[in-house]
Amino acid sequence: MRTAGLLLLLAGWGLILSALILLPATSSRTAFLLAGFGVELAGLVLAMRRPPAPVEIGRS
Amino acid sequence: MTPALVTAPLLSSPSMSGGAYLLCFFMISLVPLAIAGMALVNAGLGRSHSASHSMLSSLCVVAVAAIIFMVCGFAWQAYPGMPSHVLMLGGKPWDLLGGGHWFLRGIGAIRDDVPITPPIAPGAPLAAMLGMLSVGLAALVPLSAGADRWKLAGSCLSTALLAGIIYPLFAHWAWGGGWLAQLGVNHGLGAGFVDMGGAGTIQAVAGLTALSITWILGPRRAKFALDGRVAAAIPAHNIVLVVLGCLLLLPGWFGLNAAGAMLFNGVGVTGLPLVAINTLLCAAGAAMTAVVFTKVRFSRPDSSLSANGWVAGLVASSAGCAFVGPFFAVLIGIGAGLLLIFTVEFFETRLGIDDPAGAVSVHAVSGIWGLLSLGLAGTLPVRTWTLTGGVPGGQMLAQLTGAATLLGFVLPVSYFLNKLIDAVFRYRTEEDGERVGMDLHELGAGAYPEFLIHGDEYTQR
């Protein structure tokens, strides 16, 4: 889960860079920048999630 | 898409008179006080049976950081006016990596009769000196997050990674005339990404590295009970050291912010009093917020949280204390104090992060808050020519892009590279090290030999 979250963070950053490189128009570039921030936020939530507690087998 | 080593500067370095050069040198000379303060805060917030280990580790990571930064760090960070590696993308130059000399060649022996090729920018020796101290300060932050369980050799290896790759890369983008600094020139986003004293470049980079380290090391054995769901309080062992450290941090931060303002933002000598005033006000606002909030909540002020509030305020001040008014500086400090209190508890109790000194909240959260607050409240007289034809809210977008780079690049890269080192050389100490303390386990002697230690308590012989 943490690895997926961190990869999502990288993907969000990639989206931001792509918007800056590929989109010259202000409005579409701003929209894609904000979308990139959104993806990063989702990645951060996923990466920061608490890992589940270990389950002890054979414990009554 | 042709990468090229550009010798002509894309952003020129600020000019500096002889007196300003000397003043900047003096300001940078204050930064070791911040290093000393941070080491004391770390040691005080940790446990008594790891205090000596904490102080020695601080000394070692500062030394490793300085050496690695000398080898390749400054070459990759560079300084506006020095050569850099540029990629042409979408018709715009993307300055990705500094192209300076390794081993600080040309920095230590500048003589008029010995020409250096490519040439060294006039402010570069000062930037190298500041960078060397800044990366040492940054290296102390992950150390505090791994307190009581991080091997000395492991912390040195991680510091080499920070000083050799992660810090120089981001520092080049923000301070060395890199693509973040050029967001204004190339994309019309305000004055570009502004991080005057290193709220992002030093503090958030260090705080996010600290987060990686807490994930890799895992919590201390005594920290979480009941299947890891309930967090136990492990109090600071010496709050006097912590508060003394906080007081030492103040002059260190004056130096850090003032030198950053002069070197990277062209703030003149007359702008420095405002830098110092806002630095103090920010710290004051954050510390008093923590004092009042903990008094209301717990009926007594909490010393360690209040001290952390002071540090969080200093961190938040670093982004742009030359570009906000004193009133806004207090507001930024109050914001940093509130964020600190909520995030420390949230990270520990909800997210299961064992961060003994609250490094993630103090450095990463407050650093990013400082960067964004500059986008909200800052007025930027420097490089205002870039505002012509800029997009509305461009400065905020530039600051957001910087913060997104910290979260989207620095955090994953720091985590994966540290994880790689951990797979080869295990960072975490053995169970015995945590039981008897890092002092006895790794150093063979405790910090307080005249005390007989019983668990968390100690009594005089």
# chains A, B, ... in the order shown; residues from 1 in each chain; ligands from 1
>>> residues_around(residues="Leu20 of chain A", least_positions_apart="2", cutoff="8 Å", atoms="only C-alpha atoms", output="list of chain:residue names")
A:Ile16, A:Leu17, A:Ser18, A:Leu22, A:Leu23, A:Pro24, A:Arg29, A:Leu33, B:His187
>>> interface_residues(of="chain B", to="chain A", cutoff="9 Å", atoms="only C-alpha atoms", output="short mmCIF file (atom, residue, chain, number, x, y, z; two decimals) with N, CA and C atoms, in the first residue's frame")
data_model
loop_
_atom_site.label_atom_id
_atom_site.label_comp_id
_atom_site.auth_asym_id
_atom_site.auth_seq_id
_atom_site.Cartn_x
_atom_site.Cartn_y
_atom_site.Cartn_z
N LEU B 89 12.84 21.48 -23.46
CA LEU B 89 11.57 20.76 -23.55
C LEU B 89 10.46 21.75 -23.83
N GLY B 90 9.64 21.46 -24.83
CA GLY B 90 8.52 22.35 -25.16
C GLY B 90 8.99 23.76 -25.51
N GLY B 91 10.19 23.86 -26.04
CA GLY B 91 10.72 25.17 -26.43
C GLY B 91 11.24 25.99 -25.27
N LYS B 92 11.27 25.40 -24.07
CA LYS B 92 11.74 26.14 -22.89
C LYS B 92 12.95 25.42 -22.29
N HIS B 187 7.42 30.36 -17.33
CA HIS B 187 6.01 29.98 -17.38
C HIS B 187 5.07 31.06 -16.82
N ASP B 227 -1.61 -4.62 20.31
CA ASP B 227 -1.54 -4.87 18.87
C ASP B 227 -1.15 -3.61 18.08
N GLY B 228 -0.38 -2.77 18.71
CA GLY B 228 0.12 -1.59 18.00
C GLY B 228 -0.89 -0.48 17.85
N ARG B 229 -1.97 -0.51 18.59
CA ARG B 229 -3.03 0.50 18.41
C ARG B 229 -2.95 1.64 19.41
N PHE B 347 -0.23 12.01 13.63
CA PHE B 347 0.77 11.08 13.09
C PHE B 347 1.02 9.93 14.07
N ARG B 350 -2.97 8.12 15.08
CA ARG B 350 -3.79 7.61 13.98
C ARG B 350 -2.97 6.89 12.91
N LEU B 351 -1.75 7.40 12.68
CA LEU B 351 -0.96 6.83 11.58
C LEU B 351 0.15 5.90 12.07
N GLY B 352 0.32 5.79 13.38
CA GLY B 352 1.30 4.85 13.94
C GLY B 352 2.74 5.20 13.63
N ILE B 353 3.03 6.51 13.48
CA ILE B 353 4.40 6.93 13.20
C ILE B 353 5.09 7.28 14.52
N VAL B 391 0.43 34.75 -14.88
CA VAL B 391 -0.94 34.28 -14.69
C VAL B 391 -1.45 34.72 -13.32
N LEU B 397 0.74 29.24 -7.43
CA LEU B 397 0.97 28.03 -8.24
C LEU B 397 2.45 27.63 -8.22
N LEU B 400 3.03 26.06 -4.90
CA LEU B 400 2.41 24.73 -4.89
C LEU B 400 3.25 23.72 -5.69
N THR B 401 3.80 24.19 -6.81
CA THR B 401 4.64 23.30 -7.63
C THR B 401 5.89 22.88 -6.85
N ALA B 404 4.74 20.39 -4.32
CA ALA B 404 4.41 19.12 -4.99
C ALA B 404 5.68 18.38 -5.39
N THR B 405 6.74 19.11 -5.70
CA THR B 405 8.02 18.47 -6.03
C THR B 405 8.62 17.82 -4.78
N LEU B 407 6.89 16.61 -2.25
CA LEU B 407 6.10 15.40 -1.93
C LEU B 407 6.20 14.35 -3.04
N GLY B 408 6.22 14.80 -4.28
CA GLY B 408 6.16 13.85 -5.40
C GLY B 408 7.51 13.35 -5.87
N PHE B 409 8.58 14.07 -5.52
CA PHE B 409 9.91 13.60 -5.93
C PHE B 409 10.79 13.26 -4.73
N LEU B 411 10.16 12.78 -1.43
CA LEU B 411 9.72 11.72 -0.52
C LEU B 411 9.88 10.32 -1.13
N PRO B 412 9.36 10.05 -2.34
CA PRO B 412 9.54 8.70 -2.90
C PRO B 412 11.01 8.34 -3.14
N VAL B 413 11.79 9.29 -3.67
CA VAL B 413 13.20 8.98 -3.96
C VAL B 413 13.96 8.71 -2.66
N TYR B 415 12.71 7.65 0.14
CA TYR B 415 12.26 6.36 0.71
C TYR B 415 12.89 5.18 -0.02
N PHE B 416 12.81 5.18 -1.34
CA PHE B 416 13.29 4.02 -2.10
C PHE B 416 14.81 3.87 -1.98
#
>>> select_by_dssp(residues="segment 12-53 of chain A", states="helix (DSSP H, G or I)", output="CSV table (one decimal) with C-alpha atoms, in the first residue's frame")
chain,number,residue,atom,x,y,z
A,12,GLY,CA,1.1,13.2,-9.7
A,13,TRP,CA,4.5,15.0,-9.9
A,14,GLY,CA,4.8,13.7,-13.5
A,15,LEU,CA,1.4,15.1,-14.3
A,16,ILE,CA,2.5,18.5,-13.0
A,17,LEU,CA,5.7,18.5,-15.1
A,18,SER,CA,3.8,17.3,-18.2
A,19,ALA,CA,1.4,20.2,-17.8
A,20,LEU,CA,4.2,22.7,-17.6
A,21,ILE,CA,6.0,21.2,-20.6
A,22,LEU,CA,3.1,20.5,-22.9
A,26,THR,CA,-3.0,29.2,-19.0
A,27,SER,CA,-6.4,27.8,-18.2
A,28,SER,CA,-5.7,24.2,-19.3
A,29,ARG,CA,-2.3,24.2,-17.7
A,30,THR,CA,-3.7,25.4,-14.4
A,31,ALA,CA,-6.4,22.7,-14.5
A,32,PHE,CA,-3.8,20.0,-15.1
A,33,LEU,CA,-1.5,21.4,-12.4
A,34,LEU,CA,-4.4,21.2,-9.9
A,35,ALA,CA,-5.2,17.7,-11.1
A,36,GLY,CA,-1.6,16.7,-10.4
A,37,PHE,CA,-1.8,18.1,-6.9
A,38,GLY,CA,-5.0,16.1,-6.5
A,39,VAL,CA,-3.3,12.9,-7.5
A,40,GLU,CA,-0.4,13.6,-5.1
A,41,LEU,CA,-2.9,14.1,-2.3
A,42,ALA,CA,-4.4,10.7,-3.0
A,43,GLY,CA,-0.9,9.2,-3.1
A,44,LEU,CA,-0.1,10.8,0.2
A,45,VAL,CA,-3.2,9.5,1.9
A,46,LEU,CA,-2.4,6.0,0.6
A,47,ALA,CA,1.2,6.1,1.6
A,48,MET,CA,0.5,7.5,5.1
>>> residues_around(residues="Asp355 of chain B", least_positions_apart="4", cutoff="8 Å", atoms="only C-alpha atoms", output="number ranges by chain")
B: 144-146, 214, 219, 348, 359-360
>>> residues_around(residues="Gly446 of chain B", least_positions_apart="5", cutoff="9 Å", atoms="only C-alpha atoms", output="list in words")
Ser48, His49, Ser50, Ala51, Ser52, His53, Gly437, Met438, Asp439 and Leu440 of chain B
>>> atom_distance(atom1="atom CA of Arg105 of chain B", atom2="atom CA of Val267 of chain B")
27.7 Å
>>> atom_distance(atom1="atom CA of Pro142 of chain B", atom2="atom CA of Gly207 of chain B")
6.8 Å
>>> select_by_dssp(residues="segment 198-405 of chain B", states="strand (DSSP E)", output="compact mmCIF listing (two decimals) with N, CA and C atoms, in the first residue's frame")
# COMPACT_ATOMS: atom_id res chain seq x y z
N PHE B 224 4.20 1.21 21.03
CA PHE B 224 2.79 0.89 20.80
C PHE B 224 2.40 -0.41 21.49
N ALA B 225 1.30 -0.36 22.24
CA ALA B 225 0.80 -1.54 22.94
C ALA B 225 -0.53 -1.99 22.31
N VAL B 230 -2.34 1.41 20.57
CA VAL B 230 -2.31 2.44 21.61
C VAL B 230 -0.87 2.95 21.76
N ALA B 231 -0.69 4.27 21.61
CA ALA B 231 0.66 4.84 21.69
C ALA B 231 1.00 5.17 23.13
>>> atom_distance(atom1="atom CA of Gly192 of chain B", atom2="atom CA of Leu274 of chain B")
21.9 Å
>>> residues_around(residues="Leu241 of chain B", least_positions_apart="5", cutoff="8 Å", atoms="only C-alpha atoms", output="list in words")
Leu40, Val41, Ala43 and Gly44 of chain B
